[in-house]
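Engineer: Data: data_14.cif, mmCIF, N, CA and C atoms.
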```cif
data_target
loop_
_atom_site.label_atom_id
_atom_site.label_comp_id
_atom_site.auth_asym_id
_atom_site.auth_seq_id
_atom_site.Cartn_x
_atom_site.Cartn_y
_atom_site.Cartn_z
N ALA A 1 29.03 8.74 -15.40
CA ALA A 1 30.30 9.44 -15.61
C ALA A 1 31.40 8.43 -15.95
N GLU A 2 31.38 7.29 -15.24
CA GLU A 2 32.39 6.25 -15.49
C GLU A 2 32.21 5.67 -16.89
N LEU A 3 30.96 5.44 -17.30
CA LEU A 3 30.67 4.92 -18.63
C LEU A 3 31.17 5.90 -19.70
N GLU A 4 30.94 7.16 -19.51
CA GLU A 4 31.38 8.17 -20.48
C GLU A 4 32.91 8.21 -20.55
N GLU A 5 33.57 8.07 -19.42
CA GLU A 5 35.03 8.05 -19.39
C GLU A 5 35.56 6.84 -20.15
N LEU A 6 34.92 5.69 -19.96
CA LEU A 6 35.33 4.48 -20.67
C LEU A 6 35.11 4.63 -22.18
N ARG A 7 33.99 5.23 -22.58
CA ARG A 7 33.73 5.45 -24.01
C ARG A 7 34.79 6.36 -24.61
N THR A 8 35.18 7.38 -23.88
CA THR A 8 36.21 8.29 -24.34
C THR A 8 37.54 7.55 -24.51
N THR A 9 37.85 6.68 -23.55
CA THR A 9 39.07 5.88 -23.62
C THR A 9 39.03 4.94 -24.82
N VAL A 10 37.90 4.29 -25.04
CA VAL A 10 37.76 3.38 -26.18
C VAL A 10 37.93 4.15 -27.49
N ASP A 11 37.33 5.32 -27.60
CA ASP A 11 37.46 6.13 -28.81
C ASP A 11 38.92 6.51 -29.06
N ARG A 12 39.60 6.91 -27.99
CA ARG A 12 41.01 7.29 -28.11
C ARG A 12 41.85 6.10 -28.56
N LEU A 13 41.61 4.94 -27.97
CA LEU A 13 42.38 3.74 -28.31
C LEU A 13 42.09 3.29 -29.74
N GLU A 14 40.85 3.42 -30.18
CA GLU A 14 40.52 3.06 -31.56
C GLU A 14 41.22 3.99 -32.54
N THR A 15 41.31 5.25 -32.20
CA THR A 15 42.01 6.22 -33.04
C THR A 15 43.50 5.88 -33.11
N GLU A 16 44.09 5.54 -31.97
CA GLU A 16 45.50 5.16 -31.94
C GLU A 16 45.74 3.89 -32.74
N LEU A 17 44.82 2.93 -32.63
CA LEU A 17 44.95 1.68 -33.38
C LEU A 17 44.88 1.95 -34.88
N ASP A 18 43.95 2.78 -35.31
CA ASP A 18 43.84 3.12 -36.73
C ASP A 18 45.12 3.77 -37.24
N ALA A 19 45.69 4.67 -36.44
CA ALA A 19 46.94 5.32 -36.83
C ALA A 19 48.08 4.32 -36.92
N ALA A 20 48.16 3.41 -35.97
CA ALA A 20 49.21 2.39 -35.97
C ALA A 20 49.06 1.46 -37.18
N GLU A 21 47.84 1.08 -37.50
CA GLU A 21 47.61 0.21 -38.66
C GLU A 21 47.99 0.93 -39.95
N SER A 22 47.72 2.23 -40.04
CA SER A 22 48.10 3.01 -41.22
C SER A 22 49.62 3.08 -41.36
N GLU A 23 50.31 3.29 -40.24
CA GLU A 23 51.77 3.33 -40.26
C GLU A 23 52.35 1.98 -40.68
N LEU A 24 51.76 0.90 -40.18
CA LEU A 24 52.22 -0.43 -40.53
C LEU A 24 52.04 -0.68 -42.02
N GLU A 25 50.92 -0.31 -42.55
CA GLU A 25 50.65 -0.50 -43.97
C GLU A 25 51.62 0.31 -44.82
N ALA A 26 51.91 1.53 -44.40
CA ALA A 26 52.87 2.37 -45.12
C ALA A 26 54.27 1.75 -45.06
N ALA A 27 54.64 1.20 -43.92
CA ALA A 27 55.96 0.58 -43.77
C ALA A 27 56.09 -0.66 -44.63
N ARG A 28 55.02 -1.39 -44.82
CA ARG A 28 55.06 -2.61 -45.64
C ARG A 28 55.44 -2.31 -47.08
N GLU A 29 55.20 -1.10 -47.55
CA GLU A 29 55.56 -0.73 -48.92
C GLU A 29 57.07 -0.77 -49.11
N TYR A 30 57.83 -0.58 -48.03
CA TYR A 30 59.28 -0.53 -48.12
C TYR A 30 59.94 -1.89 -47.90
N VAL A 31 59.17 -2.89 -47.55
CA VAL A 31 59.72 -4.22 -47.33
C VAL A 31 59.63 -5.00 -48.63
N PRO A 32 60.77 -5.46 -49.15
CA PRO A 32 60.72 -6.17 -50.42
C PRO A 32 60.03 -7.53 -50.27
N ASP A 33 59.36 -7.93 -51.33
CA ASP A 33 58.79 -9.27 -51.39
C ASP A 33 59.88 -10.20 -51.88
N GLY A 34 60.34 -11.08 -51.03
CA GLY A 34 61.45 -11.93 -51.40
C GLY A 34 61.04 -13.39 -51.48
N ASP A 35 61.86 -14.11 -52.25
CA ASP A 35 61.63 -15.54 -52.40
C ASP A 35 62.27 -16.34 -51.27
N HIS A 36 63.39 -15.84 -50.79
CA HIS A 36 64.08 -16.56 -49.73
C HIS A 36 64.73 -15.56 -48.77
N GLU A 37 64.88 -16.00 -47.55
CA GLU A 37 65.40 -15.12 -46.50
C GLU A 37 66.77 -15.61 -46.08
N ILE A 38 67.69 -14.66 -45.91
CA ILE A 38 69.01 -14.98 -45.38
C ILE A 38 69.29 -14.04 -44.22
N THR A 39 70.16 -14.47 -43.34
CA THR A 39 70.49 -13.63 -42.19
C THR A 39 71.48 -12.55 -42.62
N PRO A 40 71.55 -11.47 -41.86
CA PRO A 40 72.56 -10.45 -42.18
C PRO A 40 73.98 -11.01 -42.18
N GLU A 41 74.25 -11.95 -41.28
CA GLU A 41 75.58 -12.56 -41.22
C GLU A 41 75.89 -13.33 -42.49
N GLU A 42 74.89 -14.09 -43.00
CA GLU A 42 75.07 -14.84 -44.25
C GLU A 42 75.29 -13.89 -45.42
N ALA A 43 74.55 -12.80 -45.42
CA ALA A 43 74.69 -11.82 -46.50
C ALA A 43 76.08 -11.20 -46.49
N MET A 44 76.56 -10.81 -45.31
CA MET A 44 77.89 -10.21 -45.22
C MET A 44 78.98 -11.21 -45.61
N ALA A 45 78.85 -12.45 -45.12
CA ALA A 45 79.87 -13.46 -45.41
C ALA A 45 79.88 -13.83 -46.89
N GLY A 46 78.75 -13.73 -47.54
CA GLY A 46 78.64 -14.12 -48.94
C GLY A 46 78.73 -12.98 -49.92
N THR A 47 79.20 -11.81 -49.47
CA THR A 47 79.30 -10.65 -50.34
C THR A 47 80.74 -10.15 -50.39
N ASN A 48 81.22 -9.92 -51.59
CA ASN A 48 82.56 -9.36 -51.78
C ASN A 48 82.42 -7.97 -52.39
N LEU A 49 83.18 -7.01 -51.86
CA LEU A 49 83.20 -5.65 -52.38
C LEU A 49 84.53 -5.42 -53.08
N PHE A 50 84.47 -4.80 -54.24
CA PHE A 50 85.67 -4.49 -55.00
C PHE A 50 85.70 -2.99 -55.27
N VAL A 51 86.86 -2.38 -55.00
CA VAL A 51 87.06 -0.97 -55.29
C VAL A 51 87.57 -0.87 -56.72
N ARG A 52 86.88 -0.09 -57.53
CA ARG A 52 87.28 0.12 -58.92
C ARG A 52 87.46 1.62 -59.14
N TYR A 53 88.39 1.96 -60.00
CA TYR A 53 88.63 3.35 -60.34
C TYR A 53 88.20 3.61 -61.77
N GLU A 54 87.59 4.76 -62.00
CA GLU A 54 87.16 5.14 -63.35
C GLU A 54 88.39 5.40 -64.23
N ARG A 55 89.39 6.09 -63.68
CA ARG A 55 90.62 6.39 -64.41
C ARG A 55 91.80 5.84 -63.61
N LYS A 56 92.63 5.02 -64.26
CA LYS A 56 93.75 4.42 -63.55
C LYS A 56 94.72 5.46 -63.01
N GLY A 57 94.89 6.55 -63.74
CA GLY A 57 95.82 7.59 -63.31
C GLY A 57 95.18 8.63 -62.41
N GLY A 58 93.89 8.46 -62.10
CA GLY A 58 93.19 9.42 -61.26
C GLY A 58 93.49 9.22 -59.79
N PRO A 59 92.94 10.09 -58.95
CA PRO A 59 93.20 10.00 -57.51
C PRO A 59 92.65 8.70 -56.91
N THR A 60 93.44 8.08 -56.05
CA THR A 60 93.08 6.81 -55.43
C THR A 60 92.96 6.97 -53.92
N LEU A 61 92.49 5.91 -53.26
CA LEU A 61 92.44 5.92 -51.80
C LEU A 61 93.83 6.09 -51.20
N GLU A 62 94.82 5.48 -51.84
CA GLU A 62 96.19 5.61 -51.35
C GLU A 62 96.65 7.07 -51.45
N ASP A 63 96.28 7.76 -52.54
CA ASP A 63 96.61 9.18 -52.67
C ASP A 63 95.96 9.99 -51.55
N ALA A 64 94.72 9.69 -51.25
CA ALA A 64 94.01 10.41 -50.19
C ALA A 64 94.67 10.15 -48.84
N HIS A 65 95.06 8.91 -48.62
CA HIS A 65 95.70 8.55 -47.34
C HIS A 65 97.02 9.29 -47.16
N SER A 66 97.75 9.46 -48.25
CA SER A 66 99.04 10.15 -48.15
C SER A 66 98.90 11.67 -48.21
N GLY A 67 97.67 12.16 -48.42
CA GLY A 67 97.44 13.60 -48.45
C GLY A 67 97.60 14.22 -49.83
N ASP A 68 97.77 13.38 -50.86
CA ASP A 68 97.98 13.89 -52.21
C ASP A 68 96.69 14.11 -52.99
N ALA A 69 95.56 13.74 -52.41
CA ALA A 69 94.27 13.92 -53.09
C ALA A 69 93.19 14.15 -52.04
N GLY A 70 92.20 14.92 -52.42
CA GLY A 70 91.09 15.19 -51.51
C GLY A 70 89.98 14.17 -51.65
N ARG A 71 89.09 14.17 -50.68
CA ARG A 71 87.98 13.23 -50.63
C ARG A 71 87.11 13.33 -51.89
N GLU A 72 86.77 14.54 -52.28
CA GLU A 72 85.87 14.72 -53.43
C GLU A 72 86.50 14.19 -54.71
N ALA A 73 87.79 14.43 -54.90
CA ALA A 73 88.48 13.95 -56.09
C ALA A 73 88.49 12.43 -56.14
N VAL A 74 88.75 11.79 -55.00
CA VAL A 74 88.75 10.33 -54.95
C VAL A 74 87.34 9.80 -55.19
N ASN A 75 86.34 10.41 -54.53
CA ASN A 75 84.95 9.97 -54.72
C ASN A 75 84.53 10.05 -56.18
N ASP A 76 85.00 11.06 -56.90
CA ASP A 76 84.66 11.19 -58.32
C ASP A 76 85.30 10.10 -59.16
N ASN A 77 86.38 9.51 -58.67
CA ASN A 77 87.12 8.50 -59.43
C ASN A 77 86.85 7.07 -58.96
N ILE A 78 86.05 6.89 -57.95
CA ILE A 78 85.88 5.56 -57.35
C ILE A 78 84.48 5.01 -57.56
N ARG A 79 84.40 3.70 -57.64
CA ARG A 79 83.10 3.03 -57.61
C ARG A 79 83.29 1.69 -56.91
N LEU A 80 82.26 1.26 -56.23
CA LEU A 80 82.29 -0.03 -55.55
C LEU A 80 81.43 -1.02 -56.30
N GLU A 81 81.97 -2.20 -56.53
CA GLU A 81 81.19 -3.28 -57.13
C GLU A 81 80.98 -4.34 -56.07
N HIS A 82 79.82 -4.95 -56.09
CA HIS A 82 79.59 -6.04 -55.14
C HIS A 82 79.21 -7.30 -55.92
N HIS A 83 79.71 -8.40 -55.43
CA HIS A 83 79.41 -9.70 -55.99
C HIS A 83 79.00 -10.62 -54.85
N THR A 84 77.94 -11.35 -55.04
CA THR A 84 77.45 -12.23 -53.98
C THR A 84 77.67 -13.68 -54.35
N GLU A 85 77.86 -14.49 -53.33
CA GLU A 85 78.02 -15.94 -53.51
C GLU A 85 76.69 -16.65 -53.35
N PHE A 86 75.62 -15.88 -53.21
CA PHE A 86 74.27 -16.44 -53.07
C PHE A 86 73.39 -15.77 -54.12
N ASP A 87 72.27 -16.37 -54.40
CA ASP A 87 71.33 -15.79 -55.36
C ASP A 87 70.67 -14.58 -54.70
N ASP A 88 71.07 -13.39 -55.15
CA ASP A 88 70.54 -12.19 -54.51
C ASP A 88 69.21 -11.72 -55.10
N ASP A 89 68.77 -12.33 -56.19
CA ASP A 89 67.45 -11.99 -56.72
C ASP A 89 66.40 -12.55 -55.77
N GLY A 90 65.61 -11.68 -55.20
CA GLY A 90 64.55 -12.10 -54.30
C GLY A 90 64.99 -12.39 -52.88
N ALA A 91 66.27 -12.14 -52.58
CA ALA A 91 66.74 -12.38 -51.21
C ALA A 91 66.28 -11.25 -50.30
N VAL A 92 65.86 -11.64 -49.13
CA VAL A 92 65.42 -10.66 -48.13
C VAL A 92 66.24 -10.87 -46.88
#
```
Rewrite the coordinates I just gave you, this time as structure tokens.
Structural biologist:
Amino acid sequence: AELEELRTTVDRLETELDAAESELEAAREYVPDGDHEITPEEAMAGTNLFVRYERKGGPTLEDAHSGDAGREAVNDNIRLEHHTEFDDDGAV
């Protein structure tokens, strides 16, 4: 009876291990293959964000703040550009 219980436990653990290995393999598809690794702090410190507007006369963040424009109108007129001080090709 003890042997059968142990076999059942081993079977259950092998099934769990197979499932975990499958999940790990699936997760690896989402991890980029990079040439060099940087820390999140280095990435944040080396990245500049710029707010750009599609139309100069369109609704701006300042208009939204003052209540003169709605969120959707500003979102339609805004874009963010990012520039990095590090080589971001292949960075992980």
Engineer: Step by step, work through what the PyMOL selection byres (((chain A and resi 61-64 and name CA) around 12) and name CA) selects in the shown file, and finish by giving those residues as a ChimeraX atom specification.
Structural biologist: /A:51-53,56-60,65-79
Engineer: Report the distance between atom N of Ala20 (chain A) and atom C of Ala91 (chain A) in Å, rounded to one decimal place.
Structural biologist: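 Computing the Euclidean distance for atom N of Ala20 (chain A) and atom C of Ala91 (chain A) yields 27.4 Å.
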Engineer: If you run DSSP on this backbone, which residues of chain A come out as helix (DSSP H, G or I), and could you give them as a PyMOL selection string?
Structural biologist: chain A and resi 2-28+40-45+61-66+71-77
Engineer: Can you list every residue in chain A that DSSP puts in strand (DSSP E or B), as a list in words?
Structural biologist: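 Put together, the selection reads His36, Thr47, Asn48, Leu49, Phe50, Val51, Arg52, Tyr53, Ile78, Arg79, Leu80, Glu81, His82, His83, Thr84 and Ala91 of chain A.
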Engineer: If I take CA of Val92 (chain A) and CA of Arg28 (chain A), how far is one from the other in Å, to one decimal?
Structural biologist: 13.4 Å
Engineer: So how far away is CA of Glu41 (chain A) from atom N of His83 (chain A), in Å?
Structural biologist: 15.4 Å
Engineer: When the PyMOL selection byres (((chain A and resi 86 and name CA) around 12) and name CA) is applied to the structure above, which residues does it catch, written out as a ChimeraX atom specification?
Structural biologist: /A:36-39,42-48,82-85,87-92
Engineer: Output the selection as a PDB file, keeping the file's coordinate frame - N, CA and C atoms for each residue.
Structural biologist:
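This is the output file again37.pdb:
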```pdb
ATOM      1  N   HIS A  36      63.390 -15.840 -50.790  1.00  0.00           N
ATOM      2  CA  HIS A  36      64.080 -16.560 -49.730  1.00  0.00           C
ATOM      3  C   HIS A  36      64.730 -15.560 -48.770  1.00  0.00           C
ATOM      4  N   GLU A  37      64.880 -16.000 -47.550  1.00  0.00           N
ATOM      5  CA  GLU A  37      65.400 -15.120 -46.500  1.00  0.00           C
ATOM      6  C   GLU A  37      66.770 -15.610 -46.080  1.00  0.00           C
ATOM      7  N   ILE A  38      67.690 -14.660 -45.910  1.00  0.00           N
ATOM      8  CA  ILE A  38      69.010 -14.980 -45.380  1.00  0.00           C
ATOM      9  C   ILE A  38      69.290 -14.040 -44.220  1.00  0.00           C
ATOM     10  N   THR A  39      70.160 -14.470 -43.340  1.00  0.00           N
ATOM     11  CA  THR A  39      70.490 -13.630 -42.190  1.00  0.00           C
ATOM     12  C   THR A  39      71.480 -12.550 -42.620  1.00  0.00           C
ATOM     13  N   GLU A  42      74.890 -14.090 -43.000  1.00  0.00           N
ATOM     14  CA  GLU A  42      75.070 -14.840 -44.250  1.00  0.00           C
ATOM     15  C   GLU A  42      75.290 -13.890 -45.420  1.00  0.00           C
ATOM     16  N   ALA A  43      74.550 -12.800 -45.420  1.00  0.00           N
ATOM     17  CA  ALA A  43      74.690 -11.820 -46.500  1.00  0.00           C
ATOM     18  C   ALA A  43      76.080 -11.200 -46.490  1.00  0.00           C
ATOM     19  N   MET A  44      76.560 -10.810 -45.310  1.00  0.00           N
ATOM     20  CA  MET A  44      77.890 -10.210 -45.220  1.00  0.00           C
ATOM     21  C   MET A  44      78.980 -11.210 -45.610  1.00  0.00           C
ATOM     22  N   ALA A  45      78.850 -12.450 -45.120  1.00  0.00           N
ATOM     23  CA  ALA A  45      79.870 -13.460 -45.410  1.00  0.00           C
ATOM     24  C   ALA A  45      79.880 -13.830 -46.890  1.00  0.00           C
ATOM     25  N   GLY A  46      78.750 -13.730 -47.540  1.00  0.00           N
ATOM     26  CA  GLY A  46      78.640 -14.120 -48.940  1.00  0.00           C
ATOM     27  C   GLY A  46      78.730 -12.980 -49.920  1.00  0.00           C
ATOM     28  N   THR A  47      79.200 -11.810 -49.470  1.00  0.00           N
ATOM     29  CA  THR A  47      79.300 -10.650 -50.340  1.00  0.00           C
ATOM     30  C   THR A  47      80.740 -10.150 -50.390  1.00  0.00           C
ATOM     31  N   ASN A  48      81.220  -9.920 -51.590  1.00  0.00           N
ATOM     32  CA  ASN A  48      82.560  -9.360 -51.780  1.00  0.00           C
ATOM     33  C   ASN A  48      82.420  -7.970 -52.390  1.00  0.00           C
ATOM     34  N   HIS A  82      79.820  -4.950 -56.090  1.00  0.00           N
ATOM     35  CA  HIS A  82      79.590  -6.040 -55.140  1.00  0.00           C
ATOM     36  C   HIS A  82      79.210  -7.300 -55.920  1.00  0.00           C
ATOM     37  N   HIS A  83      79.710  -8.400 -55.430  1.00  0.00           N
ATOM     38  CA  HIS A  83      79.410  -9.700 -55.990  1.00  0.00           C
ATOM     39  C   HIS A  83      79.000 -10.620 -54.850  1.00  0.00           C
ATOM     40  N   THR A  84      77.940 -11.350 -55.040  1.00  0.00           N
ATOM     41  CA  THR A  84      77.450 -12.230 -53.980  1.00  0.00           C
ATOM     42  C   THR A  84      77.670 -13.680 -54.350  1.00  0.00           C
ATOM     43  N   GLU A  85      77.860 -14.490 -53.330  1.00  0.00           N
ATOM     44  CA  GLU A  85      78.020 -15.940 -53.510  1.00  0.00           C
ATOM     45  C   GLU A  85      76.690 -16.650 -53.350  1.00  0.00           C
ATOM     46  N   ASP A  87      72.270 -16.370 -54.400  1.00  0.00           N
ATOM     47  CA  ASP A  87      71.330 -15.790 -55.360  1.00  0.00           C
ATOM     48  C   ASP A  87      70.670 -14.580 -54.700  1.00  0.00           C
ATOM     49  N   ASP A  88      71.070 -13.390 -55.150  1.00  0.00           N
ATOM     50  CA  ASP A  88      70.540 -12.190 -54.510  1.00  0.00           C
ATOM     51  C   ASP A  88      69.210 -11.720 -55.100  1.00  0.00           C
ATOM     52  N   ASP A  89      68.770 -12.330 -56.190  1.00  0.00           N
ATOM     53  CA  ASP A  89      67.450 -11.990 -56.720  1.00  0.00           C
ATOM     54  C   ASP A  89      66.400 -12.550 -55.770  1.00  0.00           C
ATOM     55  N   GLY A  90      65.610 -11.680 -55.200  1.00  0.00           N
ATOM     56  CA  GLY A  90      64.550 -12.100 -54.300  1.00  0.00           C
ATOM     57  C   GLY A  90      64.990 -12.390 -52.880  1.00  0.00           C
ATOM     58  N   ALA A  91      66.270 -12.140 -52.580  1.00  0.00           N
ATOM     59  CA  ALA A  91      66.740 -12.380 -51.210  1.00  0.00           C
ATOM     60  C   ALA A  91      66.280 -11.250 -50.300  1.00  0.00           C
ATOM     61  N   VAL A  92      65.860 -11.640 -49.130  1.00  0.00           N
ATOM     62  CA  VAL A  92      65.420 -10.660 -48.130  1.00  0.00           C
ATOM     63  C   VAL A  92      66.240 -10.870 -46.880  1.00  0.00           C
TER      64      VAL A  92
END
```
